[in-house]
Each structure stands twice: as C-alpha cells, then as structure tokens.
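Notes follow the structure.
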Amino acid sequence: MFDTIIRNANLPDGRSGMDIGIDKGRITAIDRGLPAEAGEVIDASGRLVSPAFCDPHFHMDATLSLGMPRMNVSGTLLEGIGLWGELRPLLTREAVVERALKYCDLAVSQGLLFIRSHVDTSDSKLVTVEGLLEVREKVAPYIDLQLVAFPQDGYYRSPQGVKALERALDMGVEIVGGIPHFERTMDEGRQSVEALCRIAADRGLMVDMHCDETDDPMSRHIETLSAETVRHGLQGRVAGSHLTSMHSMDNYYVSKLIPLMAEAEINVIANPLINIMLQGRHDTYPKRRGMTRVRELMEAGLNVSFGQDCCMDPWYSMGSADMTEVAHMAIHVGQLGSIIDKHEVFDAITVNSAKTMGLADYGIGVGCRADLVVLQAENVTEALRLKPGRLFVLKSGKVISKTAPRIAELALDGRPQSIDPGKDFVPGAAKA
Ligand code: FE2
C-alpha cells in the first residue's frame, strides 16, 4: 500500500508504461504494473513524468516589478541596473514579499519547485534581503528557495557593498555572490572575486557569481574565479553565471580556459532568454548571440544548467516561470537541435540545475523526493518542443497544482473533432 501511485508514466530516460509508488514523500518503487493499492492514484496516461523543474538563477526581489517606476527604454543591462537603482529606495518589504509570493504561485503551477534567487545587497537597509528571507520561510513547504547575496551595484563600487554583503550573510543568506564585470576596473573586479571566494571559504558557503556578463572578449573574471576556486578547495561548490564574454573570446584563449574551469569543477549557468535579449546591444550587424559556449562546455564535462534570470522586471518584460521556455530558447540560440542535444538541454533544467544547487535526493529513482511534474507531452523532446501543460505537480507526493489538458475542439468537415498537441503529433506516430 502506497500513499500515492502514478500509473503509466513515461520517464525522461526513455522508459515507458512505468508506475511510480510514493510513500511518506519519497519514491519507494518504480516498476511496470505495481500490484499494490494506493491512497491516491494518478493516471499519467503515457505522459512524461519529470522531476520538478529547477531554476538555478533568478532575481525574486525584482520580479513582477515591470514598469516601476518606468520602462527600460534602451533595453540594455546597464539601463536595467540604473532603473533598478531608481526603484530600490521605493521598495517596501511587504511589496517585495507580495510580488515574490505571487511569482512562487506561478512557479508551482509550472512545476518549478527549486529556485536559486540572487538578492540585492546594495541598499544598506537590506529591505530586499529581509523580504526574501521571509519568502524563503513562507514557501518552504512547497518551494526550495536558495538565496545568493548579490552586490548588484558592485562589491567595491557601491559605498555599502562590502559591509552590506557580510550583513546579508549574517542574516541567513546562504550563498556568496558577486558582479566583477561591474566593478570600476578590471583589477577591482579581480580583487572582488578574490575577496568573495575567501569569504565563502571562511564561512563554508557556496559561491555563485554573475561573471563576465558582457560582450567584452577581454572580460576574464571566470579565469580568476576558477583559479580562486582551486586555491580555496571549493571545487564543485562554485557557479559562474552568464559567462557571456566567452561567446566573444578568442578561440585559442578559450582552449586554455575551459580545462581550467573543468579543473575547478565550475557549475556553468547560462540564461538563454536574457542573454539573447541583452547581449550584442552595441553591435550593428552581424549581432552576436551572447550566450556562453554551451556545447563546448558540456563536451568538456562541465555541469551546465540554464536559468530563467528574470520575469517581468527592469531587465526583461517577458517570462512565465516556465523552464521549458528557457530550454526552448537555449536550443535555438545554441543550435542544439539533435535528439542527444535535447536530452542534455532537458538535463540542464532538471538534474544539472539540481547539481548546481547541491540538492540531495533529486530525480526519479527509489529514495528520491517525490517532487514531480506530469507533463502534457510524451517524452523529453516533445516537452521541449511544446512547452506543455503541467497536468499534475506533486510536492512530497501530494498534488499541489493541477491543470486540465489543453485539447482543441475542431469544427472541420471530414477532420478529427479534437486534437491533443501532446499526443497527436508525436514524431514516428504517423505512417509513411
Ligand atoms: Fe542575473
């Protein structure tokens, strides 16, 4: 007897017709035709069951603030930072909490149950930090929220940067952030990476830096971040977010850099929606794509994950908490169209992201946490193509969100009366 059984599930590894037995919030059996009874039975009807999605890079203190106090006219990263600087003194803790909770509702409906959010530590009042610490506690029953102390205005460049970041860590923010490419000089950027890695080593924390989010081929803070990671023995506990300068770097230099990153076991986080929107803004034509070298980094064995970064904020007017939308963009920007590529891309929004976040017992396997999503798609490649409905979202084996399948009713003579985009268009189903 299980608490819950999901019947007739397809799994990301290609197995089909599987039953998943869940007890006390954990997966306790995966097999065909489990004979046991269950308190609740969910019929997956040959749909894909995935571990809940995992977003390793987000800004929850800014989300849903689009248009406050005005829109980003140029659309650039720098105007976005300026605009956020105008909004920040006007923020109240209550409003930050309310918007973040609203976003988390949306995330749950999208099967997104693991989020790493940066939280701005530039304002010495730390309203954003207080707000997101409250949110982390409030959503803990349904979302694992990790927080990164992020000196948006520069660790050294902002007058309060050094002290405010330390205070945020004292208050309970658990990861050390940074933004070396936004410090006054390349050298101050390097010094900030060194200082922040030392803080992380001293406090036993992970590191996740916005690193080289620029089109400048000479922006090379990822080199310093990798070297400092090795120096402090932080291998596997450090993430380099964005790394867009790698798109523009000289190939010879990259041939030296990537092995150094691999030695440091850097977790790479690309943010395809934001990278394609913000990078290449000073190009006329041709315009660079901006996303880091995803395929080459994966081939070198680095753990590559994809983040959403923004949802309706000063930097990005789009976004929907849908990690398959993020992956869909990555496929286009990175030209990752093969079936093998698509499985790696799906990993980048699930298991790879979980590895970046250091999540224990994540995935579909006996003993894993039963944090799952049933998608209106039959397999991984279809899930990425369709950005499908989330039919059931389960947290610790309990359904916390349901969406009816999207079925279109047609009124066409001689044609089917309805279509299910998640079933009727699967490649291979049609006869030649
Ligand atoms: Fe970011």
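Ordering of the structure tokens sets the chain letters (A, B, ...), residue numbers begin anew at 1 in every chain, and ligands are numbered from 1 in the order given.
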Could you give me, as a list in words, every polymer residue with an atom at most 8 Å away from an atom of ligand 1, counting only C-alpha atoms and all ligand atoms? His57, Phe58, His59, His118, His210, Ser241, His242, Asn271, Asp309 and Cys310 of chain A
Only C-alpha atoms, please: the residues just picked out, written as a PDB file, in the first residue's frame.
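Everything below was put into part.pdb:
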```
ATOM      1  CA  HIS A  57      19.434  31.612 -11.472  1.00  0.00           C
ATOM      2  CA  PHE A  58      16.659  34.087 -10.728  1.00  0.00           C
ATOM      3  CA  HIS A  59      16.034  37.531  -9.193  1.00  0.00           C
ATOM      4  CA  HIS A 118      20.017  36.356  -6.099  1.00  0.00           C
ATOM      5  CA  HIS A 210      27.369  36.968 -12.111  1.00  0.00           C
ATOM      6  CA  SER A 241      26.516  32.693 -14.000  1.00  0.00           C
ATOM      7  CA  HIS A 242      26.111  34.111 -17.513  1.00  0.00           C
ATOM      8  CA  ASN A 271      20.499  32.325 -19.013  1.00  0.00           C
ATOM      9  CA  ASP A 309      17.110  35.027 -14.572  1.00  0.00           C
ATOM     10  CA  CYS A 310      14.210  37.476 -14.936  1.00  0.00           C
TER      11      CYS A 310
END
```
Per-residue nearest contacts of region 293-317 of chain A to region 337-348 of chain A (7 Å; only C-alpha atoms) as CSV:
```
residue,atom,partner,partner_atom,distance
A:Val304,CA,A:Ala348,CA,6.0
A:Ser305,CA,A:Ala348,CA,4.1
A:Phe306,CA,A:Ala348,CA,5.6
```
Atoms kept (N, CA, C and O atoms) for selection, written as a PDB file, in the first residue's frame:
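Written file, again-v3.pdb:
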```pdb
ATOM      1  N   VAL A 304      26.522  22.008 -16.873  1.00  0.00           N
ATOM      2  CA  VAL A 304      25.905  23.211 -17.436  1.00  0.00           C
ATOM      3  C   VAL A 304      24.411  23.199 -17.126  1.00  0.00           C
ATOM      4  O   VAL A 304      23.728  22.205 -17.394  1.00  0.00           O
ATOM      5  N   SER A 305      23.928  24.284 -16.563  1.00  0.00           N
ATOM      6  CA  SER A 305      22.492  24.391 -16.302  1.00  0.00           C
ATOM      7  C   SER A 305      21.986  25.719 -16.873  1.00  0.00           C
ATOM      8  O   SER A 305      22.766  26.609 -17.218  1.00  0.00           O
ATOM      9  N   PHE A 306      20.660  25.804 -16.981  1.00  0.00           N
ATOM     10  CA  PHE A 306      20.039  27.014 -17.539  1.00  0.00           C
ATOM     11  C   PHE A 306      19.130  27.665 -16.498  1.00  0.00           C
ATOM     12  O   PHE A 306      18.348  26.977 -15.833  1.00  0.00           O
TER      13      PHE A 306
END
```
With 12 Å as the cut-off and only C-alpha atoms counted, what is the closest atom pair between each nearby residue of region 48-80 of chain A and region 378-382 of chain A? Distances in Å to one decimal, ordered by chain and number, as JSON lines.
```
{"residue": "A:Leu48", "atom": "CA", "partner": "A:Glu378", "partner_atom": "CA", "distance": 5.0}
{"residue": "A:Val49", "atom": "CA", "partner": "A:Asn379", "partner_atom": "CA", "distance": 8.6}
{"residue": "A:Ser50", "atom": "CA", "partner": "A:Val380", "partner_atom": "CA", "distance": 8.7}
{"residue": "A:Pro51", "atom": "CA", "partner": "A:Val380", "partner_atom": "CA", "distance": 11.8}
```
Just the selected residues (C-alpha atoms), exported as a PDB file, in the first residue's frame, please.
```pdb
ATOM      1  CA  LEU A  48       6.119  12.272 -19.360  1.00  0.00           C
ATOM      2  CA  VAL A  49       6.750  12.432 -15.625  1.00  0.00           C
ATOM      3  CA  SER A  50       9.761  14.575 -14.824  1.00  0.00           C
ATOM      4  CA  PRO A  51      11.415  15.645 -11.608  1.00  0.00           C
TER       5      PRO A  51
END
```
Quick one: residues within 12 Å of Ala321 (chain A), only C-alpha atoms counted, chain neighbours fewer than 6 positions away excluded, as number ranges by chain? A: 53-55, 57-60, 63-64, 100, 102-115, 273, 307-312, 327, 349, 387
Mind checking which residues fall within 12 Å of Thr229 (chain A), counting only C-alpha atoms, ignoring those fewer than 2 positions away in the same chain, and posting them as number ranges by chain? A: 193-201, 205-209, 222-227, 231-240, 260-267
With N, CA and C atoms retained, export the selected residues as a compact mmCIF listing (two decimals), in the first residue's frame.
```
# COMPACT_ATOMS: atom_id res chain seq x y z
N VAL A 193 36.55 39.18 -6.79
CA VAL A 193 36.43 37.71 -6.88
C VAL A 193 37.28 37.07 -5.79
N GLU A 194 38.50 37.58 -5.61
CA GLU A 194 39.39 37.01 -4.58
C GLU A 194 38.78 37.16 -3.19
N ALA A 195 38.28 38.37 -2.90
CA ALA A 195 37.73 38.62 -1.55
C ALA A 195 36.49 37.77 -1.30
N LEU A 196 35.63 37.66 -2.31
CA LEU A 196 34.36 36.95 -2.11
C LEU A 196 34.59 35.43 -1.99
N CYS A 197 35.56 34.91 -2.73
CA CYS A 197 35.87 33.48 -2.59
C CYS A 197 36.46 33.20 -1.20
N ARG A 198 37.25 34.14 -0.71
CA ARG A 198 37.82 33.96 0.64
C ARG A 198 36.70 33.93 1.69
N ILE A 199 35.74 34.84 1.53
CA ILE A 199 34.60 34.85 2.48
C ILE A 199 33.87 33.51 2.44
N ALA A 200 33.64 33.00 1.22
CA ALA A 200 32.93 31.73 1.09
C ALA A 200 33.72 30.60 1.74
N ALA A 201 35.04 30.59 1.51
CA ALA A 201 35.87 29.53 2.10
C ALA A 201 35.85 29.63 3.63
N LEU A 205 30.67 28.37 2.64
CA LEU A 205 29.50 28.60 1.79
C LEU A 205 29.80 28.32 0.32
N MET A 206 28.75 28.17 -0.47
CA MET A 206 28.89 28.07 -1.92
C MET A 206 29.03 29.48 -2.50
N VAL A 207 29.47 29.54 -3.76
CA VAL A 207 29.64 30.81 -4.47
C VAL A 207 28.83 30.75 -5.76
N ASP A 208 28.17 31.84 -6.09
CA ASP A 208 27.51 31.94 -7.40
C ASP A 208 27.62 33.39 -7.87
N MET A 209 28.52 33.62 -8.80
CA MET A 209 28.76 35.00 -9.25
C MET A 209 28.21 35.26 -10.62
N ILE A 222 36.09 34.90 -15.13
CA ILE A 222 35.88 33.46 -14.93
C ILE A 222 37.22 32.75 -14.74
N GLU A 223 38.28 33.31 -15.34
CA GLU A 223 39.61 32.73 -15.13
C GLU A 223 40.00 32.87 -13.66
N THR A 224 39.80 34.08 -13.12
CA THR A 224 40.14 34.31 -11.71
C THR A 224 39.24 33.46 -10.81
N LEU A 225 37.94 33.41 -11.15
CA LEU A 225 37.01 32.63 -10.32
C LEU A 225 37.43 31.16 -10.28
N SER A 226 37.85 30.63 -11.42
CA SER A 226 38.29 29.23 -11.46
C SER A 226 39.55 29.03 -10.62
N ALA A 227 40.50 29.94 -10.78
CA ALA A 227 41.77 29.82 -10.04
C ALA A 227 41.54 29.93 -8.53
N ARG A 231 42.26 27.34 -5.51
CA ARG A 231 43.12 27.78 -4.39
C ARG A 231 42.45 27.48 -3.03
N HIS A 232 41.14 27.69 -2.97
CA HIS A 232 40.44 27.50 -1.68
C HIS A 232 39.82 26.11 -1.54
N GLY A 233 40.03 25.25 -2.52
CA GLY A 233 39.45 23.90 -2.41
C GLY A 233 37.94 23.90 -2.50
N LEU A 234 37.39 24.82 -3.28
CA LEU A 234 35.93 24.94 -3.39
C LEU A 234 35.37 24.20 -4.62
N GLN A 235 36.13 23.29 -5.17
CA GLN A 235 35.70 22.61 -6.40
C GLN A 235 34.29 22.04 -6.26
N GLY A 236 33.49 22.29 -7.30
CA GLY A 236 32.12 21.78 -7.32
C GLY A 236 31.12 22.62 -6.56
N ARG A 237 31.61 23.62 -5.81
CA ARG A 237 30.73 24.45 -4.97
C ARG A 237 30.62 25.88 -5.50
N VAL A 238 31.14 26.10 -6.69
CA VAL A 238 31.16 27.45 -7.25
C VAL A 238 30.44 27.46 -8.60
N ALA A 239 29.58 28.46 -8.79
CA ALA A 239 28.88 28.62 -10.07
C ALA A 239 29.31 29.92 -10.74
N GLY A 240 29.50 29.85 -12.04
CA GLY A 240 29.73 31.04 -12.86
C GLY A 240 28.47 31.30 -13.65
N LEU A 260 40.75 24.82 -17.43
CA LEU A 260 40.90 25.41 -16.09
C LEU A 260 39.57 25.38 -15.35
N MET A 261 38.48 25.71 -16.07
CA MET A 261 37.14 25.67 -15.46
C MET A 261 36.79 24.23 -15.06
N ALA A 262 37.19 23.27 -15.90
CA ALA A 262 36.89 21.87 -15.59
C ALA A 262 37.66 21.42 -14.35
N GLU A 263 38.92 21.87 -14.25
CA GLU A 263 39.72 21.54 -13.06
C GLU A 263 39.04 22.06 -11.79
N ALA A 264 38.43 23.24 -11.90
CA ALA A 264 37.76 23.86 -10.75
C ALA A 264 36.34 23.33 -10.56
N GLU A 265 35.90 22.47 -11.49
CA GLU A 265 34.52 21.92 -11.43
C GLU A 265 33.49 23.04 -11.28
N ILE A 266 33.68 24.07 -12.09
CA ILE A 266 32.74 25.20 -12.08
C ILE A 266 31.38 24.74 -12.60
N ASN A 267 30.33 25.10 -11.90
CA ASN A 267 28.97 24.90 -12.41
C ASN A 267 28.63 26.09 -13.30
```
When you look at Lys287 (chain A) with a cut-off of 12 Å (counting only C-alpha atoms), what residues show up, excluding the ones that are within fewer than 2 positions of it in the same chain? I need them as a PyMOL selection string. chain A and resi 215+247-248+276-285+289-290
